[in-house]
Structures are given as structure tokens and as C-alpha cells.
file target-v8.txt (compact mmCIF, C-alpha atoms)
# COMPACT_ATOMS: atom_id res chain seq x y z
CA MET R 1115 23.51 80.12 -17.87
CA ALA R 1116 26.50 78.93 -19.91
CA SER R 1117 28.64 79.06 -16.78
CA THR R 1118 26.17 76.87 -14.91
CA ILE R 1119 26.02 74.38 -17.78
CA ASN R 1120 29.83 74.17 -17.90
CA LEU R 1121 29.92 73.64 -14.17
CA LEU R 1122 27.44 70.78 -14.41
CA ARG R 1123 29.49 69.24 -17.21
CA LEU R 1124 32.57 69.38 -15.00
CA LEU R 1125 30.76 67.75 -12.09
CA ALA R 1126 29.33 65.02 -14.32
CA ASP R 1127 32.78 63.39 -14.45
CA PRO R 1128 33.18 60.90 -11.54
CA THR R 1129 36.87 61.66 -11.01
CA ARG R 1130 36.38 65.42 -10.80
CA LEU R 1131 33.40 64.90 -8.55
CA ARG R 1132 35.49 62.74 -6.19
CA LEU R 1133 38.24 65.38 -6.19
CA LEU R 1134 35.83 68.15 -5.29
CA LEU R 1135 34.27 66.10 -2.49
CA LEU R 1136 37.70 65.46 -0.98
CA LEU R 1137 38.80 69.09 -1.27
CA GLU R 1138 35.65 70.24 0.50
CA GLU R 1139 36.84 68.19 3.48
CA ALA R 1140 40.47 69.40 3.48
CA GLU R 1141 43.04 71.10 1.30
CA LEU R 1142 45.26 68.42 -0.23
CA THR R 1143 48.32 68.01 -2.42
CA VAL R 1144 48.40 66.01 -5.63
CA ALA R 1145 50.53 63.37 -3.88
CA GLU R 1146 47.92 63.01 -1.12
CA LEU R 1147 45.13 62.77 -3.67
CA GLN R 1148 47.10 60.03 -5.45
CA LYS R 1149 47.25 58.00 -2.25
CA ILE R 1150 43.57 58.48 -1.54
CA MET R 1151 42.24 57.77 -5.03
CA GLY R 1152 44.85 55.31 -6.26
CA MET R 1153 45.39 57.21 -9.51
CA GLY R 1154 48.41 58.52 -11.37
CA GLN R 1155 49.79 62.02 -10.95
CA SER R 1156 49.12 63.15 -14.54
CA ARG R 1157 45.47 62.09 -14.45
CA ILE R 1158 44.76 63.90 -11.19
CA SER R 1159 46.68 67.01 -12.27
CA SER R 1160 44.73 67.15 -15.53
CA HIS R 1161 41.37 67.08 -13.75
CA LEU R 1162 42.53 69.64 -11.17
CA ALA R 1163 43.62 71.96 -13.99
CA GLN R 1164 40.10 71.82 -15.49
CA LEU R 1165 38.53 72.53 -12.12
CA LYS R 1166 40.95 75.39 -11.52
CA ARG R 1167 40.22 77.01 -14.92
CA ALA R 1168 36.52 76.96 -14.05
CA GLY R 1169 37.23 78.60 -10.70
CA VAL R 1170 35.94 75.58 -8.81
CA VAL R 1171 39.28 75.00 -7.07
CA THR R 1172 42.31 77.13 -6.34
CA ASP R 1173 45.85 76.31 -5.24
CA ARG R 1174 48.52 77.70 -2.94
CA ARG R 1175 52.21 76.91 -2.64
CA ALA R 1176 53.80 76.05 0.71
CA GLY R 1177 57.49 75.28 0.24
CA LYS R 1178 57.76 72.37 -2.17
CA ASN R 1179 54.07 71.47 -1.82
CA VAL R 1180 51.07 72.83 -3.70
CA TYR R 1181 47.75 72.55 -1.86
CA TYR R 1182 44.35 72.57 -3.56
CA GLU R 1183 41.11 73.78 -2.01
CA PRO R 1184 37.64 74.98 -3.13
CA GLY R 1185 37.94 78.14 -5.25
CA ALA R 1186 36.19 81.49 -5.27
CA ARG R 1187 33.13 79.99 -6.97
CA GLN R 1188 32.81 77.74 -3.95
CA ARG R 1189 33.18 80.58 -1.47
CA ASN R 1190 30.59 83.01 -2.85
CA GLY R 1191 26.81 82.86 -2.57
CA THR R 1192 26.51 79.82 -4.84
CA ARG R 1193 28.57 77.60 -2.54
CA SER R 1194 25.63 75.99 -0.75
CA ARG R 1195 23.89 75.22 -4.04
CA VAL R 1196 27.02 73.75 -5.63
CA SER R 1197 27.71 71.68 -2.51
CA GLU R 1198 24.16 70.39 -2.57
CA ILE R 1199 24.54 69.30 -6.21
CA VAL R 1200 27.93 67.71 -5.51
CA ARG R 1201 26.65 65.71 -2.55
CA ALA R 1202 23.55 64.61 -4.44
CA LEU R 1203 25.69 63.29 -7.29
CA ALA R 1204 28.13 61.72 -4.83
CA ARG R 1205 25.47 59.33 -3.58
CA GLU R 1206 25.78 57.52 -6.90
CA LEU R 1207 29.54 57.05 -6.54
CA PRO R 1208 30.59 53.68 -5.06
CA GLU R 1209 34.05 55.09 -4.25
CA THR R 1210 32.78 57.77 -1.85
CA ALA R 1211 33.02 55.70 1.34
CA ARG R 1212 36.47 54.38 0.45
CA ASP R 1213 37.72 57.89 -0.37
CA ARG R 1214 36.47 59.10 3.00
CA THR R 1215 38.39 56.35 4.82
CA ALA R 1216 41.54 56.99 2.80
CA LEU R 1217 41.27 60.71 3.51
CA LYS R 1218 41.20 60.04 7.27
CA LEU R 1219 44.42 58.03 6.98
CA VAL R 1220 46.18 60.68 4.89
CA LEU R 1221 45.23 63.49 7.28
CA ARG R 1222 46.25 61.42 10.30
CA LYS R 1223 49.66 60.74 8.76
CA ARG R 1224 50.13 64.41 7.99
CA GLN R 1225 49.49 65.36 11.61
CA ASP R 1226 51.27 62.49 13.28
CA LYS R 1227 54.86 63.68 13.58
CA ALA R 1228 55.73 60.80 15.88
CA ARG R 1229 54.81 58.32 13.16
CA GLU R 1230 57.05 60.14 10.69
CA TYR R 1231 59.88 59.84 13.16
CA PHE R 1232 59.41 56.11 13.63
CA ASP R 1233 59.05 55.59 9.88
CA GLU R 1234 62.52 57.08 9.58
CA LEU R 1235 63.77 54.97 12.46
CA ALA R 1236 62.35 51.75 10.94
CA GLY R 1237 65.15 49.92 9.19
CA LYS R 1238 67.89 51.76 11.11
CA PHE R 1239 67.39 49.84 14.33
CA GLY R 1240 69.91 47.02 14.37
CA ARG R 1241 71.93 48.35 11.44
CA SER R 1242 74.81 49.17 13.76
CA TYR R 1243 75.87 46.83 16.53
CA VAL R 1244 75.14 48.03 20.05
CA PRO R 1245 75.80 45.52 22.87
CA GLY R 1246 72.58 44.21 24.40
CA ARG R 1247 70.24 45.92 21.93
CA SER R 1248 67.95 43.61 19.97
CA TRP R 1249 64.31 43.31 18.95
CA GLN R 1250 64.01 40.24 21.18
CA ALA R 1251 65.19 42.17 24.22
CA LEU R 1252 62.88 45.07 23.38
CA ALA R 1253 59.90 42.71 22.99
CA HIS R 1254 60.56 41.14 26.40
CA THR R 1255 60.73 44.61 27.93
CA LEU R 1256 57.43 45.76 26.42
CA ILE R 1257 55.60 42.54 27.35
CA THR R 1258 56.38 43.14 31.03
CA LEU R 1259 54.43 46.41 30.84
CA LEU R 1260 51.17 44.65 29.90
CA PRO R 1261 48.49 44.17 32.57
CA PRO R 1262 47.38 40.57 33.26
CA LEU R 1263 45.03 40.00 30.32
CA THR R 1264 43.31 37.07 28.65
CA VAL R 1265 44.83 37.02 25.18
CA ALA R 1266 43.92 35.21 21.95
CA ASP R 1267 46.88 34.61 19.64
CA LEU R 1268 45.13 33.87 16.34
CA GLY R 1269 47.26 32.01 13.82
CA ALA R 1270 49.86 31.31 16.48
CA GLY R 1271 52.02 28.78 14.61
CA GLU R 1272 54.45 27.11 16.99
CA GLY R 1273 53.67 29.76 19.59
CA THR R 1274 56.75 31.97 19.90
CA LEU R 1275 54.63 35.07 20.52
CA SER R 1276 52.20 33.09 22.70
CA GLN R 1277 54.99 32.04 25.05
CA LEU R 1278 56.25 35.58 25.26
CA LEU R 1279 52.75 36.83 26.12
CA ALA R 1280 52.22 34.02 28.64
CA ARG R 1281 55.00 35.40 30.82
CA LYS R 1282 52.70 38.24 31.84
CA ALA R 1283 49.16 37.38 30.70
CA ARG R 1284 46.45 35.87 32.85
CA LYS R 1285 45.80 33.35 30.08
CA VAL R 1286 46.82 32.91 26.45
CA ILE R 1287 44.72 30.93 23.97
CA ALA R 1288 46.76 30.05 20.89
CA ILE R 1289 44.80 29.09 17.77
CA ASP R 1290 46.25 27.37 14.71
CA ASN R 1291 44.77 25.20 11.97
CA SER R 1292 47.78 22.87 11.78
CA PRO R 1293 47.56 19.80 14.08
CA LYS R 1294 51.35 19.49 14.07
CA MET R 1295 51.80 23.13 15.05
CA VAL R 1296 49.29 22.75 17.89
CA GLU R 1297 51.00 19.56 19.08
CA PHE R 1298 54.47 21.12 18.90
CA GLY R 1299 53.34 24.32 20.63
CA SER R 1300 51.58 22.39 23.41
CA LYS R 1301 54.69 20.32 24.11
CA LEU R 1302 56.82 23.44 24.18
CA ALA R 1303 54.43 25.15 26.60
CA ARG R 1304 54.54 22.15 28.95
CA LYS R 1305 58.31 21.96 28.67
CA HIS R 1306 58.65 25.60 29.70
CA GLY R 1307 56.05 25.32 32.45
CA PHE R 1308 53.40 27.64 30.98
CA LYS R 1309 50.21 26.51 32.70
CA ASN R 1310 48.37 29.60 31.45
CA LEU R 1311 49.04 28.83 27.76
CA GLU R 1312 46.50 26.67 25.93
CA PHE R 1313 46.76 25.61 22.29
CA ARG R 1314 43.56 24.88 20.38
CA LEU R 1315 43.12 23.52 16.87
CA GLY R 1316 40.91 25.78 14.78
CA ASP R 1317 40.46 28.23 11.92
CA ILE R 1318 40.98 31.92 12.69
CA GLN R 1319 37.83 32.64 10.67
CA ASP R 1320 35.81 30.59 13.17
CA PRO R 1321 38.05 30.10 16.23
CA PRO R 1322 36.97 27.87 19.14
CA ILE R 1323 36.82 30.76 21.61
CA ALA R 1324 33.72 31.82 23.54
CA LYS R 1325 32.07 35.18 22.94
CA GLU R 1326 33.23 38.11 25.08
CA SER R 1327 35.90 36.03 26.81
CA VAL R 1328 39.21 37.71 25.92
CA ASP R 1329 40.73 41.16 26.47
CA LEU R 1330 43.12 41.20 23.54
CA ALA R 1331 42.98 39.49 20.11
CA ILE R 1332 46.21 39.37 18.11
CA PHE R 1333 46.66 38.52 14.42
CA SER R 1334 50.43 38.44 13.94
CA GLN R 1335 51.31 37.75 10.29
CA ALA R 1336 48.23 35.51 10.13
CA LEU R 1337 45.51 37.51 8.40
CA HIS R 1338 47.02 37.16 4.90
CA HIS R 1339 46.56 33.38 5.22
CA ALA R 1340 42.79 33.73 5.72
CA ILE R 1341 40.54 33.27 2.70
CA ARG R 1342 38.05 35.73 4.23
CA PRO R 1343 40.00 38.10 6.49
CA GLU R 1344 36.86 40.11 7.22
CA ARG R 1345 35.32 36.97 8.78
CA ALA R 1346 38.40 36.51 10.96
CA LEU R 1347 38.12 40.07 12.25
CA ALA R 1348 34.38 39.71 12.84
CA ALA R 1349 35.17 36.61 14.91
CA GLY R 1350 37.83 38.59 16.77
CA TYR R 1351 35.25 41.26 17.59
CA ARG R 1352 32.80 38.67 18.96
CA MET R 1353 35.34 37.05 21.28
CA LEU R 1354 36.43 40.37 22.81
CA LYS R 1355 35.00 41.76 26.01
CA LYS R 1356 33.71 45.33 26.08
CA ASN R 1357 36.67 47.74 25.68
CA GLY R 1358 38.78 44.84 24.43
CA ARG R 1359 41.34 45.51 21.70
CA VAL R 1360 42.48 43.91 18.48
CA VAL R 1361 46.05 44.12 17.14
CA ILE R 1362 46.98 43.22 13.57
CA LEU R 1363 50.58 42.91 12.43
CA ASP R 1364 50.73 42.03 8.74
CA LEU R 1365 52.39 42.80 5.42
CA LEU R 1366 51.56 45.92 3.49
CA SER R 1367 50.20 45.05 0.03
CA HIS R 1368 53.01 43.94 -2.31
CA ARG R 1369 53.57 42.23 -5.69
CA PHE R 1370 55.83 39.35 -4.68
CA GLU R 1371 53.71 36.60 -6.25
CA LYS R 1372 56.10 33.86 -5.13
CA ALA R 1373 54.82 34.40 -1.59
CA ARG R 1374 51.73 32.38 -2.53
CA GLU R 1375 53.93 29.35 -3.22
CA LEU R 1376 56.75 29.92 -0.74
CA TYR R 1377 54.67 30.86 2.31
CA LEU R 1378 51.16 29.76 1.24
CA ASP R 1379 49.95 33.34 1.48
CA HIS R 1380 46.40 33.76 0.22
CA TRP R 1381 46.63 37.57 0.17
CA LEU R 1382 49.65 39.58 -0.97
CA GLY R 1383 49.37 41.80 2.08
CA PHE R 1384 46.81 44.54 2.66
CA SER R 1385 46.67 48.27 2.09
CA GLU R 1386 46.16 50.57 5.05
CA VAL R 1387 42.73 51.48 3.68
CA GLN R 1388 41.73 47.80 3.41
CA LEU R 1389 42.65 47.11 7.03
CA HIS R 1390 40.85 50.23 8.20
CA GLU R 1391 37.71 49.17 6.30
CA PHE R 1392 37.89 45.59 7.61
CA LEU R 1393 38.10 46.85 11.20
CA GLU R 1394 35.38 49.44 10.68
CA ASP R 1395 33.02 46.90 9.10
CA ALA R 1396 33.64 44.47 11.97
CA GLY R 1397 32.48 47.14 14.43
CA PHE R 1398 35.78 48.38 15.88
CA GLU R 1399 36.35 52.00 16.93
CA ASN R 1400 39.41 54.16 17.65
CA ILE R 1401 41.12 52.55 14.67
CA ASP R 1402 44.76 53.31 13.94
CA VAL R 1403 46.69 51.95 10.95
CA GLY R 1404 50.24 52.65 9.84
CA VAL R 1405 53.48 51.22 8.44
CA VAL R 1406 55.97 50.41 11.23
CA ALA R 1407 58.84 48.64 9.44
CA ARG R 1408 60.45 48.39 6.01
CA GLU R 1409 62.87 45.69 4.88
CA LYS R 1410 65.93 46.86 2.99
CA GLN R 1411 66.46 43.64 1.07
CA SER R 1412 64.36 42.56 -1.92
CA PRO R 1413 61.37 42.15 -2.18
CA HIS R 1414 61.29 45.02 0.35
CA PHE R 1415 58.35 43.86 2.45
CA GLN R 1416 56.73 46.49 4.64
CA VAL R 1417 54.95 45.73 7.91
CA VAL R 1418 51.70 47.45 8.81
CA LEU R 1419 50.27 47.68 12.33
CA ALA R 1420 46.52 48.13 12.84
CA THR R 1421 44.64 48.43 16.12
CA GLY R 1422 41.03 48.92 17.17
CA ALA R 1423 38.80 48.83 20.23
CA LYS R 1424 35.42 47.23 20.90
call {"tool": "encode", "arguments": {"input": "target-v8.txt", "output": "C-alpha cells"}}
result
Amino acid sequence: MASTINLLRLLADPTRLRLLLLLEEAELTVAELQKIMGMGQSRISSHLAQLKRAGVVTDRRAGKNVYYEPGARQRNGTRSRVSEIVRALARELPETARDRTALKLVLRKRQDKAREYFDELAGKFGRSYVPGRSWQALAHTLITLLPPLTVADLGAGEGTLSQLLARKARKVIAIDNSPKMVEFGSKLARKHGFKNLEFRLGDIQDPPIAKESVDLAIFSQALHHAIRPERALAAGYRMLKKNGRVVILDLLSHRFEKARELYLDHWLGFSEVQLHEFLEDAGFENIDVGVVAREKQSPHFQVVLATGAK
């Protein structure tokens, strides 16, 4: 009886309960649990030690990493009853859904060796001079591979990306809330002979684009200017045709407060979990989120790429 009482006392703590829920889904390291829960190493380690002493979790070493998983108590005949109690208590935790989303991202990163490779590559490209190699040239190359789509460039500014897309797209609709930007972009499009590029004045949270009329919606360094980014993504979902895709290129969350004044940023970037939740709430599926570039100079901005399908 005393053992059962002690177990219930352990599970009554929200942090330990969250840890146990996560470990029932996958064995995880302390570092991975830090990323998921947004807590410090010492706090998580302390709670894991209590769970380990009670036999609720166990650990194993693999090289430099230590992985935690449900312990012997969880594997014997009481497992189903303990799991039932844990899941019943979990319904009262507001963090459960967020933890589940963060867990998906952590596990995806662990498995995605290609992403690890490109994370290493990010920042090295362009460090050494190679004749003819540039991001501009690479972008032109990749654009030519796109099928003829109807594209919405949301928060287009003067339209640099819009013009690049217009070289291959069936039609590009560029949205910006600055009359001067729209005027400048329109003149530039006419000057360069882009008849399939149309600039429209509007807010990305309520863009003047018909429902189910575009194949691809792009938010390139625009979402952090929106007061309600979730509304912008909901609008992006509505304008997309079935099987249409959304692409977000934005800053990873940072602490450079001067960005609010220098660049009129409303949000100091977004975490990967935030973007995943925004896309999920808007209705998107097949969501993928990850960091694709890191700046070497201060304030060391990082760029995150997020995609989803309707």
C-alpha cells in the first residue's frame, strides 16, 4: 500500500507526470526533454532521479548519451493500471498537447540525418569563394524546377521573390500593406515585362485573394510582422486549392529586442513548436519544420523553414 501511495505522490507533480507521459511515447535523453519541455537540465534531472528511485523509469547509456524509458514497475502487471492513472491525470495538464507536438519535432530531428547534414552545411556555403556559386544563382536554378503554379507571395515587399517566381509560375499575386511598396513593385514588374505578376494592397491576415484560387502560399520573412500570425495562416489555408502547399521562411525565436524598432518586427521570431502548432491549428497536414540557416555575426539570427499541405 505504501508503495502505491508513494507512486501516486510522484505522479501528482505536473512535471513528473509530463516526463512519464513523454517517456511512454519514446525513450529520450535529458537534452531532448529540455527541448520539449523548455526547462533547465538540473530541474529535469532531479525529477528523473526521483522517478528512477521509485522504479518508474530506468536509464541506459549509449555512447555519450543517456536514454530514459519506463522502468520495471511500468513493464510488469501493473503497467496498464499505472498508464490509466497517468493518462487520466494528464487530461488536466494544459501542456500535454504542446509536449506531444514538441516530441514529434524532436523525434523527427533525431531520425532525419539529411537535416543534420544541412544544419552543418548552413553557414559554410559562401564562406570560401568559388567562381559562379551564389545563393542568387542557386535560387534561379531551383525556381526553374517548379511546375507552372498560381502563387501568393504574402508580405512581398518590393517583390524580389515575386519576380523570381514569375519567371516560371502561371501567375503570382504579391500582397503587401504598404502602398509605396505595391506601387514600386508594380512599376518594376511592368518594367521587366512580367504580365503574370500582380501586386495587390492588403493585409496578410486578410489578403484580397479568393478562396481556393492558389496552389502555393509563401510567407517569406513576413509572418513576424503580423499581429495575429495564426490568422494569416488561416487565410493562407482558405486561399489554397486542395493539395495546395504553404511555405514559411522566418526567423527562429530570438532576444534581439532592437528588431522591433529597427525592422518593425511585431514578433521576435517563432519557435519550431509554435510554427508547427500554427499550421496544425489552421488545418494543414504533412507539416515539416526545421532550422535551415544560421548567421555567424551577432545577433546570430537563425532561419526556420516550415511547410504544410492542405
call {"tool": "residues_around", "arguments": {"input": "target-v8.txt", "residues": "region 1163-1167 of chain R", "least_positions_apart": "6", "cutoff": "12 Å", "atoms": "all atoms listed in the file", "output": "ChimeraX atom specification"}}
result
/R:1117,1120-1125,1127,1129-1134,1137,1144,1156-1157,1173-1174,1182-1188
call {"tool": "closest_residue", "arguments": {"input": "target-v8.txt", "among": "R:Glu1399, R:Asp1213, R:Glu1409, R:Glu1206", "to": "Gly1422 (chain R)", "atoms": "only C-alpha atoms"}}
result
R:Glu1399
call {"tool": "closest_residue", "arguments": {"input": "target-v8.txt", "among": "R:Arg1212, R:His1306, R:Arg1314, R:Arg1359", "to": "Ile1332 (chain R)", "atoms": "only C-alpha atoms"}}
result
R:Arg1359
call {"tool": "atom_distance", "arguments": {"input": "target-v8.txt", "atom1": "CA of Leu1330 (chain R)", "atom2": "CA of Ile1257 (chain R)"}}
result
13.1 Å
call {"tool": "atom_distance", "arguments": {"input": "target-v8.txt", "atom1": "CA of Lys1355 (chain R)", "atom2": "CA of Val1328 (chain R)"}}
result
5.8 Å
call {"tool": "residues_around", "arguments": {"input": "target-v8.txt", "residues": "Ile1341 (chain R)", "least_positions_apart": "2", "cutoff": "8 Å", "atoms": "only C-alpha atoms", "output": "list of chain:residue names"}}
result
R:His1338, R:His1339, R:Pro1343, R:His1380, R:Trp1381
call {"tool": "closest_residue", "arguments": {"input": "target-v8.txt", "among": "R:Glu1371, R:Glu1141, R:Glu1312, R:Glu1386", "to": "Ile1401 (chain R)", "atoms": "all atoms listed in the file"}}
result
R:Glu1386
call {"tool": "atom_distance", "arguments": {"input": "target-v8.txt", "atom1": "CA of Ser1385 (chain R)", "atom2": "CA of Leu1366 (chain R)"}}
result
5.6 Å
call {"tool": "residues_around", "arguments": {"input": "target-v8.txt", "residues": "Met1295 (chain R)", "least_positions_apart": "6", "cutoff": "10 Å", "atoms": "only C-alpha atoms", "output": "list in words"}}
result
Ala1270, Gly1271, Glu1272, Gly1273, Ile1289, Lys1301, Phe1313, Arg1314 and Leu1315 of chain R
call {"tool": "axis_aligned_box", "arguments": {"input": "target-v8.txt", "around": "region 1153-1169 of chain R", "padding_each_side": "6 Å", "output": "lines of an AutoDock Vina configuration file"}}
result
center_x = 43.2
center_y = 67.9
center_z = -12.5
size_x = 25.3
size_y = 33.4
size_z = 18.0
call {"tool": "residues_near_point", "arguments": {"input": "target-v8.txt", "point": "(39.9, 39.4, 14.9)", "cutoff": "10 Å", "atoms": "all atoms listed in the file", "output": "VMD selection string"}}
result
chain R and resid 1266 to 1268 1318 to 1321 1330 to 1333 1337 1343 to 1354 1359 to 1362 1392 to 1393 1396 1398 1422
call {"tool": "closest_residue", "arguments": {"input": "target-v8.txt", "among": "R:Ile1150, R:Ala1126, R:Ala1145, R:Val1200", "to": "Val1180 (chain R)", "atoms": "only C-alpha atoms"}}
result
R:Ala1145
call {"tool": "residues_near_point", "arguments": {"input": "target-v8.txt", "point": "(55.6, 28.1, 28.8)", "cutoff": "10 Å", "atoms": "only C-alpha atoms", "output": "short mmCIF file (atom, residue, chain, number, x, y, z; two decimals) with C-alpha atoms, in the coordinates of the input"}}
result
data_model
loop_
_atom_site.label_atom_id
_atom_site.label_comp_id
_atom_site.auth_asym_id
_atom_site.auth_seq_id
_atom_site.Cartn_x
_atom_site.Cartn_y
_atom_site.Cartn_z
CA GLY R 1273 53.67 29.76 19.59
CA THR R 1274 56.75 31.97 19.90
CA SER R 1276 52.20 33.09 22.70
CA GLN R 1277 54.99 32.04 25.05
CA LEU R 1278 56.25 35.58 25.26
CA LEU R 1279 52.75 36.83 26.12
CA ALA R 1280 52.22 34.02 28.64
CA ARG R 1281 55.00 35.40 30.82
CA GLY R 1299 53.34 24.32 20.63
CA SER R 1300 51.58 22.39 23.41
CA LYS R 1301 54.69 20.32 24.11
CA LEU R 1302 56.82 23.44 24.18
CA ALA R 1303 54.43 25.15 26.60
CA ARG R 1304 54.54 22.15 28.95
CA LYS R 1305 58.31 21.96 28.67
CA HIS R 1306 58.65 25.60 29.70
CA GLY R 1307 56.05 25.32 32.45
CA PHE R 1308 53.40 27.64 30.98
CA LYS R 1309 50.21 26.51 32.70
CA ASN R 1310 48.37 29.60 31.45
CA LEU R 1311 49.04 28.83 27.76
CA GLU R 1312 46.50 26.67 25.93
#
call {"tool": "closest_residue", "arguments": {"input": "target-v8.txt", "among": "R:Val1220, R:Val1405, R:Leu1162, R:Leu1365", "to": "Gln1335 (chain R)", "atoms": "all atoms listed in the file"}}
result
R:Leu1365
call {"tool": "residues_around", "arguments": {"input": "target-v8.txt", "residues": "His1368 (chain R)", "least_positions_apart": "4", "cutoff": "8 Å", "atoms": "all atoms listed in the file", "output": "PyMOL selection string"}}
result
chain R and resi 1382-1384+1415
